$ cat input_15.pdb   # PDB, N, CA and C atoms and all ligand atoms
ATOM      1  N   MET A   8     121.614 128.631  57.053
ATOM      2  CA  MET A   8     121.713 129.094  58.450
ATOM      3  C   MET A   8     120.374 128.957  59.155
ATOM      4  N   LYS A   9     120.429 128.451  60.371
ATOM      5  CA  LYS A   9     119.210 128.364  61.175
ATOM      6  C   LYS A   9     119.056 129.644  62.015
ATOM      7  N   PRO A  10     117.845 129.912  62.422
ATOM      8  CA  PRO A  10     117.657 131.070  63.332
ATOM      9  C   PRO A  10     118.461 130.877  64.614
ATOM     10  N   MET A  11     118.809 131.956  65.268
ATOM     11  CA  MET A  11     119.621 131.900  66.493
ATOM     12  C   MET A  11     118.901 131.195  67.635
ATOM     13  N   MET A  12     117.573 131.333  67.705
ATOM     14  CA  MET A  12     116.819 130.840  68.860
ATOM     15  C   MET A  12     116.524 129.349  68.693
ATOM     16  N   THR A  13     117.418 128.502  69.126
ATOM     17  CA  THR A  13     117.195 127.067  69.085
ATOM     18  C   THR A  13     116.390 126.648  70.308
ATOM     19  N   PRO A  14     115.810 125.472  70.264
ATOM     20  CA  PRO A  14     115.083 124.983  71.459
ATOM     21  C   PRO A  14     115.953 124.949  72.700
ATOM     22  N   VAL A  15     117.223 124.625  72.541
ATOM     23  CA  VAL A  15     118.125 124.551  73.701
ATOM     24  C   VAL A  15     118.265 125.913  74.365
ATOM     25  N   THR A  16     118.479 126.945  73.581
ATOM     26  CA  THR A  16     118.649 128.276  74.182
ATOM     27  C   THR A  16     117.341 128.752  74.799
ATOM     28  N   THR A  17     116.217 128.367  74.207
ATOM     29  CA  THR A  17     114.927 128.741  74.774
ATOM     30  C   THR A  17     114.752 128.109  76.145
ATOM     31  N   LEU A  18     115.078 126.821  76.259
ATOM     32  CA  LEU A  18     114.973 126.132  77.540
ATOM     33  C   LEU A  18     115.893 126.750  78.577
ATOM     34  N   THR A  19     117.107 127.058  78.176
ATOM     35  CA  THR A  19     118.067 127.663  79.105
ATOM     36  C   THR A  19     117.533 128.986  79.610
ATOM     37  N   PHE A  20     116.983 129.765  78.708
ATOM     38  CA  PHE A  20     116.428 131.063  79.100
ATOM     39  C   PHE A  20     115.285 130.882  80.082
ATOM     40  N   LEU A  21     114.381 129.932  79.811
ATOM     41  CA  LEU A  21     113.252 129.693  80.706
ATOM     42  C   LEU A  21     113.734 129.263  82.085
ATOM     43  N   ALA A  22     114.704 128.344  82.119
ATOM     44  CA  ALA A  22     115.222 127.869  83.397
ATOM     45  C   ALA A  22     115.838 129.016  84.179
ATOM     46  N   ALA A  23     116.582 129.864  83.500
ATOM     47  CA  ALA A  23     117.225 130.990  84.173
ATOM     48  C   ALA A  23     116.172 131.945  84.735
ATOM     49  N   SER A  24     115.098 132.176  83.994
ATOM     50  CA  SER A  24     114.077 133.105  84.481
ATOM     51  C   SER A  24     113.338 132.527  85.676
ATOM     52  N   VAL A  25     113.102 131.208  85.688
ATOM     53  CA  VAL A  25     112.461 130.576  86.843
ATOM     54  C   VAL A  25     113.330 130.738  88.075
ATOM     55  N   ILE A  26     114.617 130.483  87.917
ATOM     56  CA  ILE A  26     115.534 130.577  89.056
ATOM     57  C   ILE A  26     115.611 132.011  89.576
ATOM     58  N   THR A  27     115.734 132.974  88.697
ATOM     59  CA  THR A  27     115.885 134.354  89.160
ATOM     60  C   THR A  27     114.618 134.876  89.818
ATOM     61  N   THR A  28     113.454 134.408  89.386
ATOM     62  CA  THR A  28     112.227 134.927  89.983
ATOM     63  C   THR A  28     111.905 134.248  91.309
ATOM     64  N   THR A  29     112.540 133.118  91.600
ATOM     65  CA  THR A  29     112.188 132.402  92.816
ATOM     66  C   THR A  29     113.287 132.402  93.877
ATOM     67  N   THR A  30     114.493 132.806  93.525
ATOM     68  CA  THR A  30     115.575 132.751  94.514
ATOM     69  C   THR A  30     115.343 133.698  95.680
ATOM     70  N   ALA A  31     114.557 134.750  95.480
ATOM     71  CA  ALA A  31     114.316 135.706  96.562
ATOM     72  C   ALA A  31     113.498 135.066  97.685
ATOM     73  N   MET A  32     112.742 134.049  97.350
ATOM     74  CA  MET A  32     111.896 133.399  98.344
ATOM     75  C   MET A  32     112.699 132.428  99.207
ATOM     76  N   ALA A  33     112.259 132.266 100.429
ATOM     77  CA  ALA A  33     112.808 131.206 101.269
ATOM     78  C   ALA A  33     112.312 129.871 100.715
ATOM     79  N   GLU A  34     112.794 128.802 101.272
ATOM     80  CA  GLU A  34     112.362 127.486 100.818
ATOM     81  C   GLU A  34     110.834 127.403 100.860
ATOM     82  N   THR A  35     110.270 127.036  99.742
ATOM     83  CA  THR A  35     108.816 127.036  99.616
ATOM     84  C   THR A  35     108.189 125.911 100.425
ATOM     85  N   GLN A  36     107.190 126.260 101.187
ATOM     86  CA  GLN A  36     106.436 125.245 101.907
ATOM     87  C   GLN A  36     105.226 124.865 101.068
ATOM     88  N   ILE A  37     105.085 123.594 100.811
ATOM     89  CA  ILE A  37     103.956 123.137 100.013
ATOM     90  C   ILE A  37     102.931 122.540 100.968
ATOM     91  N   GLU A  38     101.714 123.015 100.846
ATOM     92  CA  GLU A  38     100.679 122.536 101.761
ATOM     93  C   GLU A  38      99.982 121.301 101.192
ATOM     94  N   ASP A  39      99.975 120.242 101.993
ATOM     95  CA  ASP A  39      99.311 119.002 101.580
ATOM     96  C   ASP A  39      97.823 119.133 101.926
ATOM     97  N   THR A  40      97.134 119.853 101.069
ATOM     98  CA  THR A  40      95.754 120.262 101.357
ATOM     99  C   THR A  40      94.839 119.093 101.691
ATOM    100  N   ASN A  41      94.944 118.013 100.936
ATOM    101  CA  ASN A  41      94.041 116.885 101.169
ATOM    102  C   ASN A  41      94.650 115.829 102.096
ATOM    103  N   GLY A  42      95.846 116.122 102.629
ATOM    104  CA  GLY A  42      96.427 115.285 103.677
ATOM    105  C   GLY A  42      96.765 113.863 103.277
ATOM    106  N   ASN A  43      97.028 113.631 102.000
ATOM    107  CA  ASN A  43      97.332 112.255 101.583
ATOM    108  C   ASN A  43      98.831 111.967 101.553
ATOM    109  N   GLY A  44      99.632 112.925 101.997
ATOM    110  CA  GLY A  44     101.059 112.677 102.132
ATOM    111  C   GLY A  44     101.877 112.954 100.882
ATOM    112  N   THR A  45     101.208 113.229  99.765
ATOM    113  CA  THR A  45     101.916 113.582  98.537
ATOM    114  C   THR A  45     101.270 114.838  97.962
ATOM    115  N   PHE A  46     101.932 115.414  96.975
ATOM    116  CA  PHE A  46     101.462 116.677  96.407
ATOM    117  C   PHE A  46     100.959 116.454  94.988
ATOM    118  N   ASP A  47      99.697 116.783  94.759
ATOM    119  CA  ASP A  47      99.163 116.683  93.403
ATOM    120  C   ASP A  47      99.392 118.011  92.672
ATOM    121  N   TYR A  48      98.932 118.086  91.438
ATOM    122  CA  TYR A  48      99.210 119.271  90.628
ATOM    123  C   TYR A  48      98.588 120.521  91.243
ATOM    124  N   ILE A  49      97.411 120.382  91.810
ATOM    125  CA  ILE A  49      96.742 121.544  92.419
ATOM    126  C   ILE A  49      97.547 122.052  93.610
ATOM    127  N   GLU A  50      97.984 121.124  94.455
ATOM    128  CA  GLU A  50      98.772 121.528  95.626
ATOM    129  C   GLU A  50     100.103 122.146  95.199
ATOM    130  N   MET A  51     100.718 121.570  94.188
ATOM    131  CA  MET A  51     101.987 122.106  93.692
ATOM    132  C   MET A  51     101.793 123.489  93.086
ATOM    133  N   SER A  52     100.701 123.685  92.374
ATOM    134  CA  SER A  52     100.521 124.964  91.687
ATOM    135  C   SER A  52     100.169 126.085  92.663
ATOM    136  N   ILE A  53      99.692 125.734  93.859
ATOM    137  CA  ILE A  53      99.484 126.755  94.890
ATOM    138  C   ILE A  53     100.840 127.255  95.385
ATOM    139  N   ALA A  54     101.750 126.312  95.634
ATOM    140  CA  ALA A  54     103.083 126.679  96.122
ATOM    141  C   ALA A  54     103.946 127.253  94.999
ATOM    142  N   PHE A  55     103.752 126.735  93.790
ATOM    143  CA  PHE A  55     104.547 127.160  92.640
ATOM    144  C   PHE A  55     103.589 127.588  91.524
ATOM    145  N   PRO A  56     103.099 128.831  91.591
ATOM    146  CA  PRO A  56     102.083 129.280  90.614
ATOM    147  C   PRO A  56     102.539 129.157  89.168
ATOM    148  N   LYS A  57     103.839 129.136  88.947
ATOM    149  CA  LYS A  57     104.339 129.100  87.568
ATOM    150  C   LYS A  57     104.588 127.690  87.067
ATOM    151  N   ILE A  58     104.327 126.690  87.891
ATOM    152  CA  ILE A  58     104.621 125.326  87.457
ATOM    153  C   ILE A  58     103.705 124.963  86.280
ATOM    154  N   THR A  59     104.304 124.273  85.311
ATOM    155  CA  THR A  59     103.517 123.852  84.160
ATOM    156  C   THR A  59     103.218 122.356  84.283
ATOM    157  N   ALA A  60     102.255 121.918  83.514
ATOM    158  CA  ALA A  60     101.928 120.490  83.488
ATOM    159  C   ALA A  60     103.143 119.672  83.068
ATOM    160  N   GLU A  61     103.936 120.239  82.140
ATOM    161  CA  GLU A  61     105.135 119.533  81.687
ATOM    162  C   GLU A  61     106.132 119.373  82.838
ATOM    163  N   GLU A  62     106.300 120.439  83.620
ATOM    164  CA  GLU A  62     107.230 120.374  84.747
ATOM    165  C   GLU A  62     106.734 119.388  85.792
ATOM    166  N   PHE A  63     105.435 119.414  86.044
ATOM    167  CA  PHE A  63     104.860 118.493  87.015
ATOM    168  C   PHE A  63     105.086 117.050  86.564
ATOM    169  N   THR A  64     104.808 116.785  85.299
ATOM    170  CA  THR A  64     104.990 115.439  84.761
ATOM    171  C   THR A  64     106.444 115.006  84.853
ATOM    172  N   ALA A  65     107.350 115.950  84.593
ATOM    173  CA  ALA A  65     108.786 115.634  84.662
ATOM    174  C   ALA A  65     109.200 115.280  86.088
ATOM    175  N   MET A  66     108.552 115.907  87.070
ATOM    176  CA  MET A  66     108.876 115.647  88.473
ATOM    177  C   MET A  66     108.302 114.320  88.953
ATOM    178  N   ASP A  67     107.182 113.923  88.351
ATOM    179  CA  ASP A  67     106.462 112.739  88.818
ATOM    180  C   ASP A  67     107.126 111.481  88.263
ATOM    181  N   LEU A  68     108.203 111.099  88.936
ATOM    182  CA  LEU A  68     109.076 110.051  88.392
ATOM    183  C   LEU A  68     108.367 108.708  88.245
ATOM    184  N   ASP A  69     107.460 108.363  89.170
ATOM    185  CA  ASP A  69     106.770 107.073  89.057
ATOM    186  C   ASP A  69     105.402 107.207  88.375
ATOM    187  N   GLU A  70     105.116 108.414  87.878
ATOM    188  CA  GLU A  70     103.922 108.664  87.058
ATOM    189  C   GLU A  70     102.624 108.260  87.738
ATOM    190  N   ASP A  71     102.535 108.513  89.070
ATOM    191  CA  ASP A  71     101.277 108.218  89.755
ATOM    192  C   ASP A  71     100.417 109.474  89.935
ATOM    193  N   GLY A  72     100.852 110.576  89.340
ATOM    194  CA  GLY A  72     100.059 111.796  89.410
ATOM    195  C   GLY A  72     100.232 112.581  90.697
ATOM    196  N   GLU A  73     101.156 112.133  91.539
ATOM    197  CA  GLU A  73     101.410 112.791  92.824
ATOM    198  C   GLU A  73     102.921 112.948  92.999
ATOM    199  N   ILE A  74     103.310 114.035  93.639
ATOM    200  CA  ILE A  74     104.733 114.252  93.912
ATOM    201  C   ILE A  74     105.009 113.854  95.361
ATOM    202  N   SER A  75     105.847 112.840  95.530
ATOM    203  CA  SER A  75     106.240 112.411  96.866
ATOM    204  C   SER A  75     107.385 113.290  97.363
ATOM    205  N   ALA A  76     107.728 113.160  98.647
ATOM    206  CA  ALA A  76     108.859 113.912  99.191
ATOM    207  C   ALA A  76     110.133 113.600  98.426
ATOM    208  N   GLU A  77     110.292 112.321  98.055
ATOM    209  CA  GLU A  77     111.489 111.921  97.307
ATOM    210  C   GLU A  77     111.514 112.584  95.924
ATOM    211  N   GLU A  78     110.358 112.598  95.266
ATOM    212  CA  GLU A  78     110.297 113.219  93.941
ATOM    213  C   GLU A  78     110.532 114.727  94.032
ATOM    214  N   LEU A  79     110.032 115.330  95.109
ATOM    215  CA  LEU A  79     110.240 116.759  95.320
ATOM    216  C   LEU A  79     111.718 117.052  95.509
ATOM    217  N   GLN A  80     112.374 116.237  96.331
ATOM    218  CA  GLN A  80     113.806 116.434  96.566
ATOM    219  C   GLN A  80     114.589 116.252  95.272
ATOM    220  N   ALA A  81     114.200 115.247  94.495
ATOM    221  CA  ALA A  81     114.876 115.001  93.220
ATOM    222  C   ALA A  81     114.715 116.191  92.285
ATOM    223  N   ALA A  82     113.537 116.810  92.326
ATOM    224  CA  ALA A  82     113.295 117.981  91.481
ATOM    225  C   ALA A  82     114.166 119.153  91.913
ATOM    226  N   TYR A  83     114.311 119.325  93.229
ATOM    227  CA  TYR A  83     115.209 120.378  93.720
ATOM    228  C   TYR A  83     116.645 120.072  93.304
ATOM    229  N   ASP A  84     117.060 118.810  93.490
ATOM    230  CA  ASP A  84     118.429 118.422  93.163
ATOM    231  C   ASP A  84     118.734 118.627  91.686
ATOM    232  N   ALA A  85     117.728 118.342  90.841
ATOM    233  CA  ALA A  85     117.892 118.485  89.402
ATOM    234  C   ALA A  85     117.638 119.921  88.949
ATOM    235  N   GLU A  86     117.275 120.777  89.921
ATOM    236  CA  GLU A  86     116.979 122.187  89.646
ATOM    237  C   GLU A  86     115.816 122.345  88.686
ATOM    238  N   VAL A  87     114.900 121.377  88.717
ATOM    239  CA  VAL A  87     113.637 121.532  87.993
ATOM    240  C   VAL A  87     112.822 122.611  88.706
ATOM    241  N   LEU A  88     112.909 122.594  90.029
ATOM    242  CA  LEU A  88     112.246 123.594  90.858
ATOM    243  C   LEU A  88     113.286 124.373  91.640
ATOM    244  N   ALA A  89     113.107 125.663  91.690
ATOM    245  CA  ALA A  89     113.927 126.461  92.605
ATOM    246  C   ALA A  89     113.202 126.512  93.944
ATOM    247  N   LYS A  90     113.956 126.440  95.026
ATOM    248  CA  LYS A  90     113.324 126.461  96.351
ATOM    249  C   LYS A  90     112.744 127.836  96.645
TER     250      LYS A  90
HETATM  251 CA    CA B   1      98.045 115.902  98.733
HETATM  252 CA    CA B   2     104.892 110.271  91.933
END
$ encode --input "input_15.pdb" --output "structure tokens"
Amino acid sequence: MKPMMTPVTTLTFLAASVITTTTAMAETQIEDTNGNGTFDYIEMSIAFPKITAEEFTAMDLDEDGEISAEELQAAYDAEVLAK
């Protein structure tokens, strides 16, 4: 018998806690501090203090180190980020 806490249940629990802690907020406004039109990890972590490097990397679909509006929308659609 394996322990009850599998990686899958751990991920589900984490996702649920992210959603419950952020649903009270209105849609998050992310400030493009350096004005380059995309959001880097620093800008994202200001708007989303709980974002991890893993989550940021998962959102950065073209792996350029910046989150574009399209990548941000995709993250919302995939529920990687709660608004
Ligand atoms: Ca920026
Ligand atoms: Ca990108």
$ residues_around --input "input_15.pdb" --residues "Ser75 of chain A" --least-positions-apart "3" --cutoff "6 Å" --atoms "all atoms listed in the file" --output "PDB file with N, CA and C atoms, in the frame of the given file"
ATOM      1  N   GLY A  44      99.632 112.925 101.997  1.00  0.00           N
ATOM      2  CA  GLY A  44     101.059 112.677 102.132  1.00  0.00           C
ATOM      3  C   GLY A  44     101.877 112.954 100.882  1.00  0.00           C
ATOM      4  N   THR A  45     101.208 113.229  99.765  1.00  0.00           N
ATOM      5  CA  THR A  45     101.916 113.582  98.537  1.00  0.00           C
ATOM      6  C   THR A  45     101.270 114.838  97.962  1.00  0.00           C
ATOM      7  N   PHE A  46     101.932 115.414  96.975  1.00  0.00           N
ATOM      8  CA  PHE A  46     101.462 116.677  96.407  1.00  0.00           C
ATOM      9  C   PHE A  46     100.959 116.454  94.988  1.00  0.00           C
ATOM     10  N   GLU A  78     110.358 112.598  95.266  1.00  0.00           N
ATOM     11  CA  GLU A  78     110.297 113.219  93.941  1.00  0.00           C
ATOM     12  C   GLU A  78     110.532 114.727  94.032  1.00  0.00           C
ATOM     13  N   LEU A  79     110.032 115.330  95.109  1.00  0.00           N
ATOM     14  CA  LEU A  79     110.240 116.759  95.320  1.00  0.00           C
ATOM     15  C   LEU A  79     111.718 117.052  95.509  1.00  0.00           C
ATOM     16  N   GLN A  80     112.374 116.237  96.331  1.00  0.00           N
ATOM     17  CA  GLN A  80     113.806 116.434  96.566  1.00  0.00           C
ATOM     18  C   GLN A  80     114.589 116.252  95.272  1.00  0.00           C
TER      19      GLN A  80
END
$ residues_near_ligand --input "input_15.pdb" --ligand "ligand CA 2 (chain B)" --cutoff "8 Å" --atoms "only C-alpha atoms and all ligand atoms" --output "list in words"
Thr45, Met66, Asp67, Leu68, Asp69, Glu70, Asp71, Gly72, Glu73, Ile74, Ser75 and Glu78 of chain A
$ closest_residue --input "input_15.pdb" --among "A:Thr59, A:Ser52, A:Thr64, A:Thr40" --to "ligand CA 1 (chain B)" --atoms "all atoms listed in the file"
A:Thr40
$ closest_residue --input "input_15.pdb" --among "A:Leu88, A:Ile58, A:Ala76, A:Ala65" --to "ligand CA 1 (chain B)" --atoms "only C-alpha atoms and all ligand atoms"
A:Ala76
$ closest_residue --input "input_15.pdb" --among "A:Ala82, A:Ala60, A:Met51, A:Val87" --to "ligand CA 1 (chain B)" --atoms "all atoms listed in the file"
A:Met51
$ closest_residue --input "input_15.pdb" --among "A:Glu77, A:Glu61, A:Ala89, A:Tyr48" --to "ligand CA 1 (chain B)" --atoms "all atoms listed in the file"
A:Tyr48
$ closest_residue --input "input_15.pdb" --among "A:Asp47, A:Ala81, A:Glu62, A:Ile53" --to "ligand CA 1 (chain B)" --atoms "all atoms listed in the file"
A:Asp47
$ atom_distance --input "input_15.pdb" --atom1 "atom CA of Lys57 of chain A" --atom2 "atom CA of ligand CA 1 (chain B)"
18.4 Å
$ atom_distance --input "input_15.pdb" --atom1 "atom N of Ala54 of chain A" --atom2 "atom CA of Ile37 of chain A"
5.8 Å
$ atom_distance --input "input_15.pdb" --atom1 "atom C of Asp39 of chain A" --atom2 "atom C of Glu86 of chain A"
22.6 Å
$ closest_residue --input "input_15.pdb" --among "A:Glu50, A:Gln36, A:Phe63, A:Tyr83" --to "ligand CA 1 (chain B)" --atoms "all atoms listed in the file"
A:Glu50
$ decode --input "input_15.pdb" --residues "segment 20-89 of chain A" --atoms "C-alpha atoms" --output "mmCIF file, in the first residue's frame"
data_model
loop_
_atom_site.group_PDB
_atom_site.id
_atom_site.type_symbol
_atom_site.label_atom_id
_atom_site.label_comp_id
_atom_site.auth_asym_id
_atom_site.auth_seq_id
_atom_site.Cartn_x
_atom_site.Cartn_y
_atom_site.Cartn_z
ATOM 1 C CA PHE A 20 -5.057 20.606 -2.838
ATOM 2 C CA LEU A 21 -2.605 23.370 -3.786
ATOM 3 C CA ALA A 22 -4.743 24.457 -6.737
ATOM 4 C CA ALA A 23 -7.848 24.555 -4.567
ATOM 5 C CA SER A 24 -6.104 26.665 -1.924
ATOM 6 C CA VAL A 25 -4.863 29.148 -4.546
ATOM 7 C CA ILE A 26 -8.364 29.527 -5.942
ATOM 8 C CA THR A 27 -10.039 29.956 -2.565
ATOM 9 C CA THR A 28 -7.543 32.552 -1.370
ATOM 10 C CA THR A 29 -7.818 34.658 -4.515
ATOM 11 C CA THR A 30 -11.485 34.487 -5.517
ATOM 12 C CA ALA A 31 -12.352 37.270 -3.064
ATOM 13 C CA MET A 32 -10.274 39.683 -5.116
ATOM 14 C CA ALA A 33 -11.497 41.443 -8.215
ATOM 15 C CA GLU A 34 -9.616 40.771 -11.416
ATOM 16 C CA THR A 35 -5.991 41.433 -10.612
ATOM 17 C CA GLN A 36 -4.346 44.333 -12.344
ATOM 18 C CA ILE A 37 -0.729 43.649 -13.137
ATOM 19 C CA GLU A 38 1.472 46.689 -13.390
ATOM 20 C CA ASP A 39 3.942 46.729 -16.270
ATOM 21 C CA THR A 40 6.554 48.469 -14.164
ATOM 22 C CA ASN A 41 9.258 48.697 -16.811
ATOM 23 C CA GLY A 42 6.772 49.451 -19.604
ATOM 24 C CA ASN A 43 7.980 46.793 -22.025
ATOM 25 C CA GLY A 44 4.491 45.478 -22.712
ATOM 26 C CA THR A 45 4.983 42.091 -21.047
ATOM 27 C CA PHE A 46 5.168 40.909 -17.457
ATOM 28 C CA ASP A 47 8.356 39.470 -16.018
ATOM 29 C CA TYR A 48 8.578 37.417 -12.834
ATOM 30 C CA ILE A 49 9.069 40.484 -10.640
ATOM 31 C CA GLU A 50 6.023 42.230 -12.081
ATOM 32 C CA MET A 51 3.959 39.058 -11.780
ATOM 33 C CA SER A 52 5.019 38.451 -8.196
ATOM 34 C CA ILE A 53 3.889 41.957 -7.208
ATOM 35 C CA ALA A 54 0.394 41.222 -8.521
ATOM 36 C CA PHE A 55 0.482 37.575 -7.432
ATOM 37 C CA PRO A 56 2.643 37.344 -4.278
ATOM 38 C CA LYS A 57 2.119 33.589 -4.121
ATOM 39 C CA ILE A 58 3.269 32.841 -7.650
ATOM 40 C CA THR A 59 6.110 30.357 -7.790
ATOM 41 C CA ALA A 60 8.911 30.110 -10.315
ATOM 42 C CA GLU A 61 7.342 26.846 -11.470
ATOM 43 C CA GLU A 62 4.000 28.550 -12.092
ATOM 44 C CA PHE A 63 5.679 31.414 -13.903
ATOM 45 C CA THR A 64 7.609 28.999 -16.109
ATOM 46 C CA ALA A 65 4.418 27.062 -16.836
ATOM 47 C CA MET A 66 2.722 30.291 -17.947
ATOM 48 C CA ASP A 67 5.618 31.385 -20.141
ATOM 49 C CA LEU A 68 4.573 29.361 -23.149
ATOM 50 C CA ASP A 69 7.267 30.667 -25.528
ATOM 51 C CA GLU A 70 9.924 30.578 -22.778
ATOM 52 C CA ASP A 71 11.142 34.140 -23.317
ATOM 53 C CA GLY A 72 11.036 34.935 -19.607
ATOM 54 C CA GLU A 73 8.109 37.331 -20.005
ATOM 55 C CA ILE A 74 4.360 36.819 -19.786
ATOM 56 C CA SER A 75 2.504 38.358 -22.713
ATOM 57 C CA ALA A 76 -1.197 39.261 -22.641
ATOM 58 C CA GLU A 77 -1.884 36.072 -24.588
ATOM 59 C CA GLU A 78 0.078 33.950 -22.122
ATOM 60 C CA LEU A 79 -1.714 35.644 -19.230
ATOM 61 C CA GLN A 80 -5.099 34.903 -20.769
ATOM 62 C CA ALA A 81 -4.063 31.308 -21.393
ATOM 63 C CA ALA A 82 -3.064 31.003 -17.744
ATOM 64 C CA TYR A 83 -6.458 32.303 -16.645
ATOM 65 C CA ASP A 84 -8.212 29.965 -19.087
ATOM 66 C CA ALA A 85 -6.191 27.011 -17.810
ATOM 67 C CA GLU A 86 -6.846 28.176 -14.230
ATOM 68 C CA VAL A 87 -3.127 28.323 -13.536
ATOM 69 C CA LEU A 88 -3.915 31.751 -12.113
ATOM 70 C CA ALA A 89 -7.072 32.808 -10.379
#
